[in-house]
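Peer 1: This one is my_file_12.pdb, PDB, C-alpha atoms and all ligand atoms.
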```pdb
MODEL        1
ATOM      1  CA  MET H   1     -80.201   5.870  22.357  1.00  0.00           C
ATOM      2  CA  VAL H   2     -81.629   5.957  18.851  1.00  0.00           C
ATOM      3  CA  GLU H   3     -79.338   7.379  16.185  1.00  0.00           C
ATOM      4  CA  ASN H   4     -80.413  10.540  14.403  1.00  0.00           C
ATOM      5  CA  PRO H   5     -82.414   9.305  11.417  1.00  0.00           C
ATOM      6  CA  VAL H   6     -81.410  12.284   9.290  1.00  0.00           C
ATOM      7  CA  GLU H   7     -77.744  11.384   9.656  1.00  0.00           C
ATOM      8  CA  ILE H   8     -78.301   7.725   8.750  1.00  0.00           C
ATOM      9  CA  PHE H   9     -80.455   8.813   5.856  1.00  0.00           C
ATOM     10  CA  ARG H  10     -77.726  11.107   4.514  1.00  0.00           C
ATOM     11  CA  ASP H  11     -75.020   8.472   4.973  1.00  0.00           C
ATOM     12  CA  ASP H  12     -77.212   6.077   2.978  1.00  0.00           C
ATOM     13  CA  HIS H  13     -77.397   8.627   0.160  1.00  0.00           C
ATOM     14  CA  ARG H  14     -73.615   8.909  -0.009  1.00  0.00           C
ATOM     15  CA  GLU H  15     -73.337   5.145  -0.219  1.00  0.00           C
ATOM     16  CA  VAL H  16     -76.059   4.922  -2.870  1.00  0.00           C
ATOM     17  CA  ARG H  17     -74.414   7.703  -4.896  1.00  0.00           C
ATOM     18  CA  ASP H  18     -71.092   5.856  -4.894  1.00  0.00           C
ATOM     19  CA  ASP H  19     -72.721   2.490  -5.612  1.00  0.00           C
ATOM     20  CA  LEU H  20     -74.713   3.874  -8.556  1.00  0.00           C
ATOM     21  CA  LEU H  21     -71.576   5.372 -10.099  1.00  0.00           C
ATOM     22  CA  GLU H  22     -69.696   2.138  -9.591  1.00  0.00           C
ATOM     23  CA  LEU H  23     -72.607   0.116 -10.966  1.00  0.00           C
ATOM     24  CA  ALA H  24     -72.816   2.266 -14.115  1.00  0.00           C
ATOM     25  CA  ARG H  25     -69.094   1.781 -14.648  1.00  0.00           C
ATOM     26  CA  ALA H  26     -69.309  -1.995 -14.162  1.00  0.00           C
ATOM     27  CA  ILE H  27     -72.157  -2.188 -16.703  1.00  0.00           C
ATOM     28  CA  GLU H  28     -70.188  -0.124 -19.210  1.00  0.00           C
ATOM     29  CA  ASP H  29     -67.254  -2.460 -18.692  1.00  0.00           C
ATOM     30  CA  LYS H  30     -69.701  -5.373 -19.227  1.00  0.00           C
ATOM     31  CA  ASP H  31     -68.512  -6.783 -15.929  1.00  0.00           C
ATOM     32  CA  LEU H  32     -71.809  -8.414 -15.005  1.00  0.00           C
ATOM     33  CA  ASN H  33     -70.457 -10.239 -11.958  1.00  0.00           C
ATOM     34  CA  ARG H  34     -69.317  -6.977 -10.456  1.00  0.00           C
ATOM     35  CA  ALA H  35     -72.590  -5.300 -11.461  1.00  0.00           C
ATOM     36  CA  GLY H  36     -74.502  -8.109  -9.743  1.00  0.00           C
ATOM     37  CA  GLU H  37     -72.524  -7.660  -6.517  1.00  0.00           C
ATOM     38  CA  ILE H  38     -73.163  -3.925  -6.432  1.00  0.00           C
ATOM     39  CA  LEU H  39     -76.836  -4.364  -7.257  1.00  0.00           C
ATOM     40  CA  ASP H  40     -77.143  -6.867  -4.435  1.00  0.00           C
ATOM     41  CA  ARG H  41     -75.619  -4.366  -2.028  1.00  0.00           C
ATOM     42  CA  LEU H  42     -78.004  -1.656  -3.241  1.00  0.00           C
ATOM     43  CA  ASN H  43     -80.957  -4.021  -2.932  1.00  0.00           C
ATOM     44  CA  ARG H  44     -80.141  -4.606   0.741  1.00  0.00           C
ATOM     45  CA  LEU H  45     -79.408  -0.966   1.515  1.00  0.00           C
ATOM     46  CA  LEU H  46     -82.346   0.533  -0.357  1.00  0.00           C
ATOM     47  CA  GLY H  47     -85.025  -1.812   0.988  1.00  0.00           C
ATOM     48  CA  PRO H  48     -85.047  -0.288   4.485  1.00  0.00           C
ATOM     49  CA  HIS H  49     -84.216   3.149   3.097  1.00  0.00           C
ATOM     50  CA  PHE H  50     -87.149   3.371   0.678  1.00  0.00           C
ATOM     51  CA  ARG H  51     -89.446   1.735   3.184  1.00  0.00           C
ATOM     52  CA  PHE H  52     -88.552   4.268   5.888  1.00  0.00           C
ATOM     53  CA  GLU H  53     -89.104   7.100   3.450  1.00  0.00           C
ATOM     54  CA  GLU H  54     -92.469   5.864   2.255  1.00  0.00           C
ATOM     55  CA  GLU H  55     -93.816   4.727   5.624  1.00  0.00           C
ATOM     56  CA  ALA H  56     -92.463   7.497   7.816  1.00  0.00           C
ATOM     57  CA  LEU H  57     -90.403  10.316   6.372  1.00  0.00           C
ATOM     58  CA  TYR H  58     -92.303  11.295   3.226  1.00  0.00           C
ATOM     59  CA  PRO H  59     -95.673  11.435   5.021  1.00  0.00           C
ATOM     60  CA  ALA H  60     -94.085  13.740   7.610  1.00  0.00           C
ATOM     61  CA  MET H  61     -92.743  15.911   4.782  1.00  0.00           C
ATOM     62  CA  ARG H  62     -96.141  16.599   3.224  1.00  0.00           C
ATOM     63  CA  ARG H  63     -96.597  19.636   5.475  1.00  0.00           C
ATOM     64  CA  PHE H  64     -93.531  21.231   3.875  1.00  0.00           C
ATOM     65  CA  LEU H  65     -93.651  19.812   0.383  1.00  0.00           C
ATOM     66  CA  GLY H  66     -97.314  19.023  -0.332  1.00  0.00           C
ATOM     67  CA  GLU H  67     -97.774  17.225  -3.630  1.00  0.00           C
ATOM     68  CA  TYR H  68     -94.069  17.221  -4.413  1.00  0.00           C
ATOM     69  CA  VAL H  69     -93.950  14.125  -2.205  1.00  0.00           C
ATOM     70  CA  ASP H  70     -95.897  12.326  -4.958  1.00  0.00           C
ATOM     71  CA  SER H  71     -93.141  12.974  -7.445  1.00  0.00           C
ATOM     72  CA  LEU H  72     -90.611  11.500  -5.014  1.00  0.00           C
ATOM     73  CA  LEU H  73     -92.823   8.402  -4.821  1.00  0.00           C
ATOM     74  CA  ASN H  74     -92.924   8.259  -8.615  1.00  0.00           C
ATOM     75  CA  GLU H  75     -89.145   8.413  -8.647  1.00  0.00           C
ATOM     76  CA  HIS H  76     -89.142   5.401  -6.318  1.00  0.00           C
ATOM     77  CA  ASP H  77     -91.353   3.540  -8.822  1.00  0.00           C
ATOM     78  CA  GLY H  78     -88.776   4.347 -11.500  1.00  0.00           C
ATOM     79  CA  ALA H  79     -85.881   3.164  -9.336  1.00  0.00           C
ATOM     80  CA  ILE H  80     -87.648  -0.109  -8.493  1.00  0.00           C
ATOM     81  CA  ASN H  81     -88.378  -0.753 -12.173  1.00  0.00           C
ATOM     82  CA  ALA H  82     -84.772   0.034 -13.065  1.00  0.00           C
ATOM     83  CA  ALA H  83     -83.558  -2.436 -10.423  1.00  0.00           C
ATOM     84  CA  ARG H  84     -85.856  -5.162 -11.786  1.00  0.00           C
ATOM     85  CA  GLU H  85     -84.615  -4.546 -15.327  1.00  0.00           C
ATOM     86  CA  LEU H  86     -81.006  -4.648 -14.201  1.00  0.00           C
ATOM     87  CA  VAL H  87     -81.545  -7.973 -12.429  1.00  0.00           C
ATOM     88  CA  GLU H  88     -82.951  -9.418 -15.681  1.00  0.00           C
ATOM     89  CA  LEU H  89     -80.102  -8.001 -17.701  1.00  0.00           C
ATOM     90  CA  ILE H  90     -77.459  -9.377 -15.351  1.00  0.00           C
ATOM     91  CA  GLU H  91     -79.136 -12.796 -15.293  1.00  0.00           C
ATOM     92  CA  ARG H  92     -78.856 -12.987 -19.085  1.00  0.00           C
ATOM     93  CA  GLY H  93     -75.121 -13.299 -18.534  1.00  0.00           C
ATOM     94  CA  SER H  94     -73.958 -11.293 -21.547  1.00  0.00           C
ATOM     95  CA  ILE H  95     -74.607  -7.820 -22.859  1.00  0.00           C
ATOM     96  CA  ASP H  96     -73.985  -5.946 -26.116  1.00  0.00           C
ATOM     97  CA  ASP H  97     -72.418  -2.482 -26.350  1.00  0.00           C
ATOM     98  CA  GLU H  98     -75.600  -0.556 -26.972  1.00  0.00           C
ATOM     99  CA  THR H  99     -77.577  -2.252 -24.178  1.00  0.00           C
ATOM    100  CA  ALA H 100     -74.661  -1.680 -21.810  1.00  0.00           C
ATOM    101  CA  ARG H 101     -74.517   2.014 -22.685  1.00  0.00           C
ATOM    102  CA  ASP H 102     -78.269   2.454 -22.233  1.00  0.00           C
ATOM    103  CA  ALA H 103     -78.322   0.585 -18.938  1.00  0.00           C
ATOM    104  CA  ALA H 104     -75.360   2.592 -17.624  1.00  0.00           C
ATOM    105  CA  ASN H 105     -77.107   5.844 -18.574  1.00  0.00           C
ATOM    106  CA  ARG H 106     -80.327   4.762 -16.896  1.00  0.00           C
ATOM    107  CA  THR H 107     -78.354   3.855 -13.785  1.00  0.00           C
ATOM    108  CA  ARG H 108     -76.709   7.278 -13.685  1.00  0.00           C
ATOM    109  CA  ALA H 109     -80.107   8.934 -14.213  1.00  0.00           C
ATOM    110  CA  LEU H 110     -81.115   7.568 -10.780  1.00  0.00           C
ATOM    111  CA  LEU H 111     -78.644  10.000  -9.217  1.00  0.00           C
ATOM    112  CA  VAL H 112     -81.255  12.731  -9.728  1.00  0.00           C
ATOM    113  CA  HIS H 113     -83.455  11.046  -7.155  1.00  0.00           C
ATOM    114  CA  VAL H 114     -80.567  10.685  -4.706  1.00  0.00           C
ATOM    115  CA  SER H 115     -79.982  14.390  -5.027  1.00  0.00           C
ATOM    116  CA  ASN H 116     -83.689  15.314  -4.710  1.00  0.00           C
ATOM    117  CA  CYS H 117     -84.121  13.010  -1.758  1.00  0.00           C
ATOM    118  CA  ASP H 118     -81.082  14.317   0.077  1.00  0.00           C
ATOM    119  CA  GLY H 119     -82.597  17.805  -0.105  1.00  0.00           C
ATOM    120  CA  ILE H 120     -85.262  16.585   2.315  1.00  0.00           C
ATOM    121  CA  ALA H 121     -82.678  16.473   5.086  1.00  0.00           C
ATOM    122  CA  ILE H 122     -82.620  20.245   5.375  1.00  0.00           C
ATOM    123  CA  LEU H 123     -86.378  20.284   5.919  1.00  0.00           C
ATOM    124  CA  ALA H 124     -86.397  17.301   8.260  1.00  0.00           C
ATOM    125  CA  GLU H 125     -84.195  19.315  10.618  1.00  0.00           C
ATOM    126  CA  ARG H 126     -87.223  21.511  11.284  1.00  0.00           C
ATOM    127  CA  LEU H 127     -89.392  18.700  12.630  1.00  0.00           C
ATOM    128  CA  ASP H 128     -90.027  18.649  16.400  1.00  0.00           C
ATOM    129  CA  LYS H 129     -87.473  16.849  18.525  1.00  0.00           C
ATOM    130  CA  GLU H 130     -90.081  14.224  19.489  1.00  0.00           C
ATOM    131  CA  GLU H 131     -90.993  13.680  15.878  1.00  0.00           C
ATOM    132  CA  ILE H 132     -87.357  13.173  14.876  1.00  0.00           C
ATOM    133  CA  GLU H 133     -87.004  10.693  17.730  1.00  0.00           C
ATOM    134  CA  ASP H 134     -90.083   8.858  16.574  1.00  0.00           C
ATOM    135  CA  LEU H 135     -88.693   8.725  13.020  1.00  0.00           C
ATOM    136  CA  GLY H 136     -85.431   7.381  14.438  1.00  0.00           C
ATOM    137  CA  LYS H 137     -87.275   4.533  16.175  1.00  0.00           C
ATOM    138  CA  LYS H 138     -89.197   3.683  13.033  1.00  0.00           C
ATOM    139  CA  PHE H 139     -86.037   3.721  10.923  1.00  0.00           C
ATOM    140  CA  GLN H 140     -84.300   1.452  13.441  1.00  0.00           C
ATOM    141  CA  ARG H 141     -87.155  -1.063  13.426  1.00  0.00           C
ATOM    142  CA  ILE H 142     -87.303  -1.064   9.622  1.00  0.00           C
ATOM    143  CA  ARG H 143     -83.528  -1.509   9.370  1.00  0.00           C
ATOM    144  CA  GLU H 144     -83.681  -4.415  11.807  1.00  0.00           C
ATOM    145  CA  GLU H 145     -86.363  -6.092   9.703  1.00  0.00           C
ATOM    146  CA  GLY H 146     -83.998  -5.638   6.763  1.00  0.00           C
ATOM    147  CA  VAL H 147     -86.379  -6.439   3.894  1.00  0.00           C
ATOM    148  CA  THR H 148     -84.591  -5.946   0.561  1.00  0.00           C
ATOM    149  CA  LEU H 149     -85.851  -3.437  -1.991  1.00  0.00           C
ATOM    150  CA  LEU H 150     -87.198  -5.978  -4.454  1.00  0.00           C
ATOM    151  CA  ASP H 151     -88.812  -8.163  -1.770  1.00  0.00           C
ATOM    152  CA  TRP H 152     -90.413  -5.140  -0.163  1.00  0.00           C
ATOM    153  CA  ALA H 153     -91.670  -3.876  -3.525  1.00  0.00           C
ATOM    154  CA  GLU H 154     -93.300  -7.256  -4.257  1.00  0.00           C
ATOM    155  CA  THR H 155     -94.883  -7.717  -0.842  1.00  0.00           C
ATOM    156  CA  ILE H 156     -95.319  -4.998   1.780  1.00  0.00           C
ATOM    157  CA  ARG H 157     -95.323  -2.070  -0.658  1.00  0.00           C
ATOM    158  CA  ASN H 158     -97.681  -3.772  -3.052  1.00  0.00           C
ATOM    159  CA  LYS H 159    -100.224  -4.511  -0.346  1.00  0.00           C
ATOM    160  CA  ARG H 160    -100.586  -0.820   0.346  1.00  0.00           C
ATOM    161  CA  GLY H 161    -101.997  -0.495  -3.153  1.00  0.00           C
ATOM    162  CA  SER H 162     -99.314   1.810  -4.430  1.00  0.00           C
TER     163      SER H 162
HETATM  164 FE    FE J 201     -83.630   8.696   0.103  1.00  0.00          FE
ENDMDL
END
```
What is this file in structure tokens?
Ligand SMILES: [Fe+2]
Peer 2:
Amino acid sequence: MVENPVEIFRDDHREVRDDLLELARAIEDKDLNRAGEILDRLNRLLGPHFRFEEEALYPAMRRFLGEYVDSLLNEHDGAINAARELVELIERGSIDDETARDAANRTRALLVHVSNCDGIAILAERLDKEEIEDLGKKFQRIREEGVTLLDWAETIRNKRGS
């Protein structure tokens, strides 16, 4: 039996929330190894999560949210860019105080999207049972494929012309 996609989706948000806070702290501490580990975890978690949202959940939400869905997509663009910048920063191997502070603040700013996105759960509960089941199957398939955030952004997401 397919797990309820809304529950997985919310569990993901809790994990992302905690990871973002931990990542911001690691950057502030200039602990780039730790930051790299957390970013790697987020990259693996958020690939299937963003992909499920963009391919399945957000389209289904247009009937409730209309154009607001576009601003959620824009927030995804921002998160992907932030992840790319963080990878570059971590690869440099050292970081000064001001850059660390800025990067930590930008990391914490991503929490706004986690919060906005989690609000969708309350609306998703009003989808038909069959539709929720269908979303669950799609989420499961996407999770099994397990494409990371940055790989997905470069390949599958790009091809859709977004
Ligand atoms: Fe989300």
Peer 1: Could you list, as a PyMOL selection string, all protein and nucleic acid residues with an atom at most 7 Å from ligand FE 201 (chain J), counting only C-alpha atoms and all ligand atoms?
Peer 2: chain H and resi 9+13+49-50+53+114+117-118
Peer 1: With a distance cut-off of 12 Å and all atoms listed in the file, select the neighbouring residues of Gly78 (chain H), excluding the residue or stretch itself and same-chain residues fewer than 2 positions from it, and output the selection as a PyMOL selection string.
Peer 2: chain H and resi 71-76+80-85+106-107+109-113+153
Peer 1: Check the smallest atom-to-atom distance from each of H:Ala100, H:Ile38, H:Ala60, H:Ile142 to Glu125 (chain H) using all atoms listed in the file, then report the winner.
Peer 2: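 Ranking H:Ala100, H:Ile38, H:Ala60, H:Ile142 by distance to Glu125 (chain H), first place goes to H:Ala60.
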Peer 1: Mind listing as a ChimeraX atom specification all residues within 12 Å of (-93.8, -4.9, -3.1), counting all atoms listed in the file?
Peer 2: /H:47,50-51,76-77,80-81,84,147-162
Peer 1: For the provided coordinates, the residues matched by the PyMOL selection byres (((chain H and resi 23) around 8) and not hetatm) should be stated as a VMD selection string.
Peer 2: chain H and resid 19 to 22 24 to 27 34 to 35 38 to 39 104 107
Peer 1: Would you write out, as a PyMOL selection string, every residue that the PyMOL selection byres (((chain H and resi 123) around 12) and not hetatm) captures in this file?
Peer 2: chain H and resi 6+57-58+60-65+117-122+124-128+132
Peer 1: CA of Ala103 (chain H) and CA of Glu91 (chain H), how far apart in Å?
Peer 2: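 According to the coordinates, CA of Glu91 (chain H) and CA of Ala103 (chain H) are separated by 13.9 Å.
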Peer 1: Using CA of Pro5 (chain H) and CA of Phe52 (chain H) as the two end points, give the distance in Å to one decimal.
Peer 2: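 Between CA of Pro5 (chain H) and CA of Phe52 (chain H) the gap is 9.7 Å.
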Peer 1: Residues picked by the PyMOL selection byres (((chain H and resi 141) around 12) and not hetatm) here, as a VMD selection string?
Peer 2: chain H and resid 2 to 3 5 48 to 49 51 to 52 55 to 56 134 to 140 142 to 147
Peer 1: Quote the spacing between CA of Arg10 (chain H) and CA of Glu28 (chain H) in Å to one decimal place.
Peer 2: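 Interatomic distance here is 27.3 Å.
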Peer 1: Using only C-alpha atoms, which residue out of H:Glu15, H:Asp97, H:Glu130, H:Asp102 lies closest to Asp29 (chain H)?
Peer 2: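 Closest candidate: H:Asp97.
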Peer 1: Using all atoms listed in the file, pick whichever of H:Asp11, H:Glu37, H:Glu131, H:Glu67 has the shortest atom-to-atom distance to Leu86 (chain H).
Peer 2: H:Glu37
Peer 1: Take every atom of region 117-128 of chain H listed in the file, pad by 5 Å on each side, and give me the axis-aligned box centre and edge lengths in Å, one decimal, as AutoDock Vina command-line options.
Peer 2:
```
--center_x -85.6 --center_y 17.3 --center_z 7.3 --size_x 18.9 --size_y 18.5 --size_z 28.2
```
